[in-house]
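Engineer: Below is one structure. I have some questions about it.
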There are 2 protein chains.
Amino acid sequence: MEHVSENGRQKMQLAENSRRLFGIKQAIRCTSLKFHAGQMIFEEGQRANRWYEVLHGTVRTCRFHIDGSRHLTGFYFAGDVFGADYGQYGAAAEAVTDVDVLCYRVGDFSSGPGAPPPEDGKLSILFRAINCAQRYQYIMGHRTAHERLAAFLLCLKQQEGRSSFIRLPMSRSDIADFLGLTIHTVSRTFTELARRELIKIDGRNGVFILDHRGLCDLAGEEDGGVPPAIGGDSDDYPGALSAA
Amino acid sequence: MEHVSENGRQKMQLAENSRRLFGIKQAIRCTSLKFHAGQMIFEEGQRANRWYEVLHGTVRTCRFHIDGSRHLTGFYFAGDVFGADYGQYGAAAEAVTDVDVLCYRVGDFSSGPGAPPPEDGKLSILFRAINCAQRYQYIMGHRTAHERLAAFLLCLKQQEGRSSFIRLPMSRSDIADFLGLTIHTVSRTFTELARRELIKIDGRNGVFILDHRGLCDLAGEEDGGVPPAIGGDSDDYPGALSAA
DNA sequence: CGAAGGGTTGAAGGAAATCAATCCGAGTGG
DNA sequence: CCACTCGGATTGATTTCCTTCAACCCTTCG
């Protein structure tokens with residue numbers, strides 16, 4: 001796991017080519033953008049008000065743990081879509097090579113005569129599905145069994161609300177097959193977390209979170225699974241230089 | 001990793017409650033279904049013509065390697081959405097507990113006056129995003145470095161088309177942070193795969209696939225990353241008993 | 001030419017898989 | 001009621017694999 005000291009965020013230099021593509025792209029307004037290798041496209045935690053389609057080149061999405069270690073959640077090539085997050089971006093996006101992308105605005109997607117507001121529309125269902133997938137991608141990014149199980153429990157706790165009790169409807173075998181571990185390691189790790197008084201095991205199908213903060217530390221997270229909002233709420237492209 | 005001999009697919013017993021929810025669910029037709037713990041909701045490879053929202057209970061999605069080992073790609077609780085795949089389901093869905101779900105038909109989603117066909121509509125962009133996420137979830141389900149790298153290369157090969165040459169625009173460090181390994185292990189594994197004559201390394205940014213079949217075996221896959229279509233193409237609910 | 005960054009390779013230590021045994025609770029039947 | 005079985009879960013001992021630490025190679029660039 002590499003420790004990346006500073007994401008060299010060079011001056012953004014993008015050739016803007018805004019237009020409406022009637023017929024070709026179903027009348028969704030999209031903007032053609034260019035990024036150079038290494039450039040940041042959006043940051044983790046920013047409001048997710050755009051998403052992107054790769055036309056040419058390679059893009060990576062990445063998250064950082066509090067210890068500085070980096071985890072890439074995906075590579076995107078020509079034809080792939082990235083950044084379709086719900087609410088805020090769960091990972092930053094950076095250009096691996098020089099890239100050309102199409103940038104769609106979320107508002108334009110679901111707007112139209114009589115269209116529901118974007119937050120409540122039918123599209124939100126799909127965004128929620130994407131968020132589910134990314135939530136789990138994130139857990140798998142953790143290296144050790146302790147970190148994975150801690151992240152998993154924090155993820156479940158989010159579902160449960162504020163209660164310190166977490167129901168575990170699935171078997172140890174399910175948890176193991178999900179986290180990419182064996183039931184032995186899962187069981188041992190549960191025991192170990194209980195020994196450290198981070199959790200208290202309540203039968204087969206439940207645990208109490210005793211030390212939420214400790215679990216977060218172990219999982220390498222700031223808080224209970226949701227990355228903190230660090231980006232601004234501006235609707236304009238952050239730091240973009242309009243080449244108009 | 002558990003070896004599941006047979007997915008006891010009991011007689012499906014679902015209380016159907018078809019209706020149109022105008023106003024509440026944006027006029028999308030959805031059906032309320034019930035499944036008992038352990039029941040299959042849909043199979044891997046089936047045509048993905050429905051997706052689901054959990055109302056109550058827990059659902060898991062899983063894939064099987066050719067060696068019989070199982071990998072769960074996600075758990076879904078009340079409010080979560082699953083099955084929103086593009087083309088065919090990338091993983092089977094099973095009820096962990098007794099569950100109530102809402103079942104949406106893909107066709108009904110994007111249909112309407114003047115709507116584009118579902119395969120080509122703007123919604124397909126979001127489905128593709130979901131597929132991207134799931135593709136990578138699958139890779140992370142592999143246990144050893146050999147399996148992960150093999151699955152990763154096969155995934156890239158899919159992008160490249162039929163050529164046996166794969167471009168690797170990203171650094172070893174990127175690959176490591178993506179696969180949850182160190183650059184040392186990645187480098188060693190590349191060398192080892194080359195020694196076994198499964199691949200041939202071509203500089204830093206390219207490899208040739210010498211033994212596609214061998215890589216598939218190593219990755220535990222049937223073919224180059226895409227699960228084979230095993231399900232039928234019927235638009236009706238497979239094996240469902242209408243409780244009308 | 002020398003420095004720097006990415007990549008490869010070797011040796012040693014540690015974490016998880018594997019092999020194996022035991023425990024525990026639920027369900028069953030005597 | 002108790003013995004028995006069965007599946008899931010826990011725990012211990014050993015092996016395997018990956019990480020870590022370290023050194024070195026190669027290419028690029030000033």
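Residue names in the structure tokens use chain letters A, B, ... in the order shown, residue numbers from 1 in each chain, and ligand numbers from 1 in the order shown.
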Need the shell around C:DA20: protein/DNA/RNA residues with any atom at most 12 Å away, counting only C-alpha atoms (C1' of nucleotides). Skip same-chain ones fewer than 3 positions apart. Format as a PyMOL selection string?

Structural biologist: chain D and resi 11-14

Engineer: Mind writing the picked residues with C-alpha atoms (C1' of nucleotides) as a PDB file, in the first residue's frame?

Structural biologist:
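What landed in out.pdb:
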```
ATOM      1  C1'  DT D  11     -10.231 -22.652  19.305  1.00  0.00           C
ATOM      2  C1'  DG D  12      -5.468 -24.718  18.751  1.00  0.00           C
ATOM      3  C1'  DA D  13      -1.289 -26.171  15.846  1.00  0.00           C
ATOM      4  C1'  DT D  14       0.932 -26.069  11.552  1.00  0.00           C
TER       5       DT D  14
END
```

Engineer: Only residues of chain B matter here; which ones have an atom within 12 Å of chain C, counting only C-alpha atoms (C1' of nucleotides)? Give them as a compact mmCIF listing (two decimals) with all heavy atoms, in the first residue's frame.

Structural biologist:
```
# COMPACT_ATOMS: atom_id res chain seq x y z
N MET B 1 -13.59 -20.09 2.84
CA MET B 1 -14.53 -20.11 1.71
C MET B 1 -15.34 -21.39 1.74
O MET B 1 -14.79 -22.48 1.73
CB MET B 1 -13.71 -20.01 0.43
CG MET B 1 -14.52 -19.83 -0.83
SD MET B 1 -15.32 -18.23 -1.00
CE MET B 1 -13.88 -17.16 -1.19
N ARG B 143 -9.18 -14.56 -3.49
CA ARG B 143 -8.40 -14.63 -2.27
C ARG B 143 -6.91 -14.36 -2.48
O ARG B 143 -6.34 -13.48 -1.87
CB ARG B 143 -8.58 -15.99 -1.61
CG ARG B 143 -9.99 -16.31 -1.20
CD ARG B 143 -10.25 -17.79 -1.22
NE ARG B 143 -10.02 -18.33 -2.56
CZ ARG B 143 -10.87 -18.19 -3.58
NH1 ARG B 143 -11.98 -17.55 -3.41
NH2 ARG B 143 -10.60 -18.68 -4.78
N THR B 144 -6.27 -15.14 -3.33
CA THR B 144 -4.82 -15.05 -3.45
C THR B 144 -4.41 -14.00 -4.47
O THR B 144 -5.19 -13.59 -5.33
CB THR B 144 -4.22 -16.40 -3.87
OG1 THR B 144 -4.59 -16.66 -5.22
CG2 THR B 144 -4.72 -17.52 -2.99
N MET B 170 -1.75 2.01 -16.22
CA MET B 170 -1.50 2.38 -14.82
C MET B 170 -0.20 1.77 -14.31
O MET B 170 0.32 0.81 -14.89
CB MET B 170 -2.68 1.94 -13.95
CG MET B 170 -2.82 0.45 -13.76
SD MET B 170 -3.28 -0.48 -15.23
CE MET B 170 -4.98 0.04 -15.46
N SER B 171 0.31 2.36 -13.23
CA SER B 171 1.57 1.89 -12.66
C SER B 171 1.33 0.63 -11.82
O SER B 171 0.20 0.29 -11.49
CB SER B 171 2.17 2.98 -11.78
OG SER B 171 1.35 3.18 -10.65
N ARG B 172 2.42 -0.04 -11.46
CA ARG B 172 2.33 -1.19 -10.56
C ARG B 172 1.71 -0.77 -9.24
O ARG B 172 0.96 -1.51 -8.61
CB ARG B 172 3.72 -1.77 -10.32
CG ARG B 172 4.36 -2.38 -11.55
CD ARG B 172 3.74 -3.70 -11.92
NE ARG B 172 4.48 -4.36 -12.99
CZ ARG B 172 4.21 -4.23 -14.27
NH1 ARG B 172 3.24 -3.44 -14.67
NH2 ARG B 172 4.92 -4.88 -15.18
N SER B 173 2.05 0.42 -8.83
CA SER B 173 1.54 0.95 -7.58
C SER B 173 0.02 1.09 -7.64
O SER B 173 -0.70 0.78 -6.69
CB SER B 173 2.21 2.29 -7.31
OG SER B 173 1.54 2.96 -6.27
N ASP B 174 -0.49 1.55 -8.78
CA ASP B 174 -1.94 1.65 -8.96
C ASP B 174 -2.59 0.28 -8.88
O ASP B 174 -3.62 0.10 -8.23
CB ASP B 174 -2.27 2.29 -10.31
CG ASP B 174 -2.09 3.79 -10.30
OD1 ASP B 174 -2.00 4.37 -9.20
OD2 ASP B 174 -2.06 4.39 -11.39
N ILE B 183 3.17 -3.45 -4.06
CA ILE B 183 3.79 -3.47 -5.38
C ILE B 183 4.75 -4.64 -5.51
O ILE B 183 4.93 -5.19 -6.58
CB ILE B 183 4.56 -2.15 -5.66
CG1 ILE B 183 5.55 -1.85 -4.54
CG2 ILE B 183 3.62 -1.01 -5.85
CD1 ILE B 183 6.50 -0.72 -4.89
N HIS B 184 5.32 -5.06 -4.40
CA HIS B 184 6.24 -6.21 -4.41
C HIS B 184 5.50 -7.47 -4.83
O HIS B 184 5.95 -8.21 -5.70
CB HIS B 184 6.86 -6.39 -3.04
CG HIS B 184 7.35 -5.11 -2.44
ND1 HIS B 184 8.55 -4.55 -2.80
CD2 HIS B 184 6.80 -4.27 -1.55
CE1 HIS B 184 8.73 -3.42 -2.15
NE2 HIS B 184 7.67 -3.22 -1.36
N THR B 185 4.38 -7.69 -4.19
CA THR B 185 3.61 -8.89 -4.50
C THR B 185 3.10 -8.84 -5.94
O THR B 185 3.12 -9.85 -6.65
CB THR B 185 2.43 -9.03 -3.53
OG1 THR B 185 2.93 -9.06 -2.20
CG2 THR B 185 1.65 -10.30 -3.79
N VAL B 186 2.65 -7.67 -6.37
CA VAL B 186 2.18 -7.53 -7.74
C VAL B 186 3.31 -7.86 -8.71
O VAL B 186 3.14 -8.64 -9.65
CB VAL B 186 1.66 -6.10 -8.00
CG1 VAL B 186 1.43 -5.87 -9.49
CG2 VAL B 186 0.37 -5.86 -7.22
N SER B 187 4.48 -7.29 -8.46
CA SER B 187 5.62 -7.52 -9.34
C SER B 187 6.00 -9.00 -9.36
O SER B 187 6.21 -9.60 -10.41
CB SER B 187 6.79 -6.68 -8.86
OG SER B 187 7.91 -6.87 -9.70
N ARG B 188 6.08 -9.58 -8.18
CA ARG B 188 6.41 -11.00 -8.07
C ARG B 188 5.39 -11.86 -8.81
O ARG B 188 5.75 -12.81 -9.50
CB ARG B 188 6.42 -11.42 -6.60
CG ARG B 188 7.76 -11.35 -5.95
CD ARG B 188 7.66 -11.85 -4.52
NE ARG B 188 7.73 -10.76 -3.57
CZ ARG B 188 8.87 -10.30 -3.06
NH1 ARG B 188 10.01 -10.82 -3.42
NH2 ARG B 188 8.86 -9.32 -2.19
N THR B 189 4.12 -11.51 -8.67
CA THR B 189 3.07 -12.30 -9.29
C THR B 189 3.13 -12.19 -10.80
O THR B 189 2.95 -13.19 -11.52
CB THR B 189 1.70 -11.87 -8.76
OG1 THR B 189 1.72 -11.87 -7.34
CG2 THR B 189 0.61 -12.81 -9.24
N PHE B 190 3.39 -10.99 -11.31
CA PHE B 190 3.59 -10.83 -12.75
C PHE B 190 4.69 -11.76 -13.22
O PHE B 190 4.54 -12.51 -14.19
CB PHE B 190 3.97 -9.38 -13.08
CG PHE B 190 2.81 -8.52 -13.49
CD1 PHE B 190 2.40 -7.46 -12.71
CD2 PHE B 190 2.12 -8.79 -14.67
CE1 PHE B 190 1.33 -6.66 -13.10
CE2 PHE B 190 1.05 -7.99 -15.05
CZ PHE B 190 0.65 -6.93 -14.27
N THR B 191 5.82 -11.72 -12.51
CA THR B 191 6.96 -12.55 -12.88
C THR B 191 6.60 -14.03 -12.87
O THR B 191 6.95 -14.79 -13.77
CB THR B 191 8.13 -12.29 -11.92
OG1 THR B 191 8.38 -10.89 -11.87
CG2 THR B 191 9.38 -13.02 -12.37
N GLY B 203 7.45 -4.86 -21.47
CA GLY B 203 7.76 -3.56 -20.88
C GLY B 203 6.91 -3.29 -19.65
O GLY B 203 6.37 -4.21 -19.04
N ARG B 204 6.79 -2.02 -19.31
CA ARG B 204 6.05 -1.67 -18.11
C ARG B 204 4.55 -1.58 -18.35
O ARG B 204 3.76 -1.72 -17.43
CB ARG B 204 6.52 -0.31 -17.61
CG ARG B 204 7.91 -0.36 -17.08
CD ARG B 204 8.31 0.92 -16.41
NE ARG B 204 9.63 0.73 -15.83
CZ ARG B 204 10.34 1.71 -15.29
NH1 ARG B 204 9.84 2.93 -15.27
NH2 ARG B 204 11.51 1.46 -14.78
N ASN B 205 4.20 -1.30 -19.59
CA ASN B 205 2.81 -0.94 -19.82
C ASN B 205 2.08 -1.89 -20.76
O ASN B 205 1.15 -1.49 -21.46
CB ASN B 205 2.72 0.49 -20.36
CG ASN B 205 3.20 1.50 -19.33
OD1 ASN B 205 2.83 1.40 -18.18
ND2 ASN B 205 4.02 2.43 -19.76
```

Engineer: Would you compute the distance between atom CA of B:Gly83 and atom CA of B:Cys62? Give it in Å to one decimal.

Structural biologist: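 Taking atom CA of B:Gly83 and atom CA of B:Cys62, their separation equals 11.4 Å.
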
Engineer: Counting only C-alpha atoms, give me one row per residue of chain B with an atom at most 7 Å from an atom of chain A, showing the shortest contact pair and its distance in Å to one decimal, sorted by chain then residue number, as JSON lines.

Structural biologist:
```
{"residue": "B:Met1", "atom": "CA", "partner": "A:Thr182", "partner_atom": "CA", "distance": 5.3}
{"residue": "B:Glu2", "atom": "CA", "partner": "A:Ser173", "partner_atom": "CA", "distance": 6.8}
{"residue": "B:Gln26", "atom": "CA", "partner": "A:Lys122", "partner_atom": "CA", "distance": 6.6}
{"residue": "B:Arg70", "atom": "CA", "partner": "A:Asp177", "partner_atom": "CA", "distance": 6.3}
{"residue": "B:His71", "atom": "CA", "partner": "A:Asp177", "partner_atom": "CA", "distance": 5.0}
{"residue": "B:Leu72", "atom": "CA", "partner": "A:Phe178", "partner_atom": "CA", "distance": 4.4}
{"residue": "B:Thr73", "atom": "CA", "partner": "A:Phe178", "partner_atom": "CA", "distance": 6.2}
{"residue": "B:Gly74", "atom": "CA", "partner": "A:Tyr136", "partner_atom": "CA", "distance": 6.6}
{"residue": "B:Asp80", "atom": "CA", "partner": "A:Ala129", "partner_atom": "CA", "distance": 6.9}
{"residue": "B:Val81", "atom": "CA", "partner": "A:Ala129", "partner_atom": "CA", "distance": 5.0}
{"residue": "B:Phe82", "atom": "CA", "partner": "A:Ala129", "partner_atom": "CA", "distance": 6.2}
{"residue": "B:Ala84", "atom": "CA", "partner": "A:Ala129", "partner_atom": "CA", "distance": 6.9}
{"residue": "B:Val96", "atom": "CA", "partner": "A:Met170", "partner_atom": "CA", "distance": 6.3}
{"residue": "B:Thr97", "atom": "CA", "partner": "A:Pro169", "partner_atom": "CA", "distance": 6.8}
{"residue": "B:Lys122", "atom": "CA", "partner": "A:Gln26", "partner_atom": "CA", "distance": 6.5}
{"residue": "B:Ile125", "atom": "CA", "partner": "A:Val81", "partner_atom": "CA", "distance": 6.8}
{"residue": "B:Leu126", "atom": "CA", "partner": "A:Leu126", "partner_atom": "CA", "distance": 6.9}
{"residue": "B:Arg128", "atom": "CA", "partner": "A:Val81", "partner_atom": "CA", "distance": 6.5}
{"residue": "B:Ala129", "atom": "CA", "partner": "A:Val81", "partner_atom": "CA", "distance": 5.0}
{"residue": "B:Ile130", "atom": "CA", "partner": "A:Ile130", "partner_atom": "CA", "distance": 5.4}
{"residue": "B:Ala133", "atom": "CA", "partner": "A:Ala133", "partner_atom": "CA", "distance": 6.1}
{"residue": "B:Gln134", "atom": "CA", "partner": "A:Ala133", "partner_atom": "CA", "distance": 6.6}
{"residue": "B:Tyr136", "atom": "CA", "partner": "A:Gly74", "partner_atom": "CA", "distance": 6.6}
{"residue": "B:Gln137", "atom": "CA", "partner": "A:Gln137", "partner_atom": "CA", "distance": 5.7}
{"residue": "B:Met140", "atom": "CA", "partner": "A:Met140", "partner_atom": "CA", "distance": 6.4}
{"residue": "B:Gly141", "atom": "CA", "partner": "A:Gly180", "partner_atom": "CA", "distance": 5.7}
{"residue": "B:His142", "atom": "CA", "partner": "A:Gly180", "partner_atom": "CA", "distance": 6.9}
{"residue": "B:Arg143", "atom": "CA", "partner": "A:Gly180", "partner_atom": "CA", "distance": 6.1}
{"residue": "B:Pro169", "atom": "CA", "partner": "A:Thr97", "partner_atom": "CA", "distance": 6.8}
{"residue": "B:Met170", "atom": "CA", "partner": "A:Val96", "partner_atom": "CA", "distance": 6.2}
{"residue": "B:Ser173", "atom": "CA", "partner": "A:Glu2", "partner_atom": "CA", "distance": 6.8}
{"residue": "B:Ala176", "atom": "CA", "partner": "A:Met1", "partner_atom": "CA", "distance": 6.8}
{"residue": "B:Asp177", "atom": "CA", "partner": "A:His71", "partner_atom": "CA", "distance": 5.0}
{"residue": "B:Phe178", "atom": "CA", "partner": "A:Leu72", "partner_atom": "CA", "distance": 4.4}
{"residue": "B:Gly180", "atom": "CA", "partner": "A:Gly141", "partner_atom": "CA", "distance": 5.9}
{"residue": "B:Leu181", "atom": "CA", "partner": "A:Met1", "partner_atom": "CA", "distance": 6.6}
{"residue": "B:Thr182", "atom": "CA", "partner": "A:Met1", "partner_atom": "CA", "distance": 5.3}
```

Engineer: Take the residues just selected and output them with N, CA and C atoms as a CSV table (one decimal), in the first residue's frame.

Structural biologist:
```csv
chain,number,residue,atom,x,y,z
B,1,MET,N,-13.6,-20.1,2.8
B,1,MET,CA,-14.5,-20.1,1.7
B,1,MET,C,-15.3,-21.4,1.7
B,2,GLU,N,-16.6,-21.2,1.8
B,2,GLU,CA,-17.5,-22.4,1.9
B,2,GLU,C,-17.8,-23.0,0.5
B,26,GLN,N,-43.7,7.4,-8.2
B,26,GLN,CA,-43.5,8.0,-9.5
B,26,GLN,C,-44.1,7.1,-10.6
B,70,ARG,N,-17.7,-19.9,-3.0
B,70,ARG,CA,-18.7,-18.9,-3.1
B,70,ARG,C,-18.2,-17.5,-2.7
B,71,HIS,N,-18.6,-16.5,-3.4
B,71,HIS,CA,-18.3,-15.2,-3.0
B,71,HIS,C,-19.5,-14.3,-2.9
B,72,LEU,N,-19.7,-13.7,-1.8
B,72,LEU,CA,-20.9,-12.8,-1.7
B,72,LEU,C,-20.5,-11.4,-2.1
B,73,THR,N,-21.3,-10.8,-2.9
B,73,THR,CA,-20.9,-9.4,-3.4
B,73,THR,C,-21.7,-8.3,-2.7
B,74,GLY,N,-22.6,-8.7,-1.8
B,74,GLY,CA,-23.3,-7.7,-1.0
B,74,GLY,C,-24.4,-8.2,-0.2
B,80,ASP,N,-32.5,-0.7,0.6
B,80,ASP,CA,-31.4,-1.0,-0.4
B,80,ASP,C,-32.0,-1.5,-1.7
B,81,VAL,N,-31.3,-1.3,-2.8
B,81,VAL,CA,-31.7,-1.7,-4.1
B,81,VAL,C,-30.7,-2.7,-4.6
B,82,PHE,N,-31.2,-3.8,-5.2
B,82,PHE,CA,-30.3,-4.8,-5.7
B,82,PHE,C,-30.9,-5.3,-7.0
B,84,ALA,N,-30.0,-4.3,-10.0
B,84,ALA,CA,-30.0,-3.3,-11.1
B,84,ALA,C,-28.9,-3.5,-12.0
B,96,VAL,N,-31.6,-14.0,2.8
B,96,VAL,CA,-30.9,-14.4,4.0
B,96,VAL,C,-31.9,-14.7,5.1
B,97,THR,N,-32.9,-13.8,5.3
B,97,THR,CA,-34.0,-14.0,6.2
B,97,THR,C,-35.3,-14.0,5.4
B,122,LYS,N,-30.9,6.7,-21.9
B,122,LYS,CA,-30.0,7.4,-21.0
B,122,LYS,C,-29.8,6.6,-19.7
B,125,ILE,N,-26.7,4.4,-19.2
B,125,ILE,CA,-25.5,5.0,-18.6
B,125,ILE,C,-25.3,4.6,-17.2
B,126,LEU,N,-26.4,4.7,-16.4
B,126,LEU,CA,-26.4,4.4,-15.0
B,126,LEU,C,-26.2,2.9,-14.8
B,128,ARG,N,-24.6,1.0,-16.7
B,128,ARG,CA,-23.2,0.7,-17.0
B,128,ARG,C,-22.3,1.0,-15.8
B,129,ALA,N,-22.7,2.1,-15.2
B,129,ALA,CA,-21.9,2.5,-14.0
B,129,ALA,C,-22.0,1.4,-12.9
B,130,ILE,N,-23.2,0.9,-12.8
B,130,ILE,CA,-23.4,-0.2,-11.8
B,130,ILE,C,-22.6,-1.4,-12.2
B,133,ALA,N,-19.0,-1.1,-11.3
B,133,ALA,CA,-18.7,-1.3,-9.8
B,133,ALA,C,-18.7,-2.8,-9.5
B,134,GLN,N,-19.7,-3.5,-10.1
B,134,GLN,CA,-19.8,-4.9,-9.8
B,134,GLN,C,-18.6,-5.7,-10.3
B,136,TYR,N,-15.6,-4.9,-10.5
B,136,TYR,CA,-14.5,-4.7,-9.6
B,136,TYR,C,-14.8,-5.4,-8.2
B,137,GLN,N,-16.0,-5.4,-7.8
B,137,GLN,CA,-16.4,-6.1,-6.6
B,137,GLN,C,-16.0,-7.6,-6.8
B,140,MET,N,-12.3,-8.4,-6.3
B,140,MET,CA,-11.8,-8.3,-5.0
B,140,MET,C,-12.3,-9.5,-4.2
B,141,GLY,N,-13.2,-10.3,-4.7
B,141,GLY,CA,-13.6,-11.5,-4.0
B,141,GLY,C,-12.6,-12.6,-4.1
B,142,HIS,N,-11.6,-12.5,-5.0
B,142,HIS,CA,-10.6,-13.5,-5.1
B,142,HIS,C,-9.7,-13.4,-3.9
B,143,ARG,N,-9.2,-14.6,-3.5
B,143,ARG,CA,-8.4,-14.6,-2.3
B,143,ARG,C,-6.9,-14.4,-2.5
B,169,PRO,N,-2.1,1.0,-18.7
B,169,PRO,CA,-1.7,2.4,-18.6
B,169,PRO,C,-1.3,2.8,-17.2
B,170,MET,N,-1.7,2.0,-16.2
B,170,MET,CA,-1.5,2.4,-14.8
B,170,MET,C,-0.2,1.8,-14.3
B,173,SER,N,2.0,0.4,-8.8
B,173,SER,CA,1.5,0.9,-7.6
B,173,SER,C,0.0,1.1,-7.6
B,176,ALA,N,-1.5,-2.3,-7.4
B,176,ALA,CA,-1.4,-2.8,-6.0
B,176,ALA,C,-2.5,-2.2,-5.2
B,177,ASP,N,-2.6,-0.9,-5.2
B,177,ASP,CA,-3.6,-0.3,-4.4
B,177,ASP,C,-5.0,-0.6,-4.8
B,178,PHE,N,-5.2,-1.0,-6.0
B,178,PHE,CA,-6.5,-1.5,-6.5
B,178,PHE,C,-6.8,-2.9,-6.0
B,180,GLY,N,-5.4,-4.4,-3.5
B,180,GLY,CA,-5.2,-4.6,-2.1
B,180,GLY,C,-4.0,-5.4,-1.8
B,181,LEU,N,-2.9,-5.2,-2.6
B,181,LEU,CA,-1.7,-5.9,-2.5
B,181,LEU,C,-0.6,-4.9,-2.4
B,182,THR,N,0.7,-5.3,-2.2
B,182,THR,CA,1.8,-4.4,-2.3
B,182,THR,C,2.4,-4.5,-3.7
```
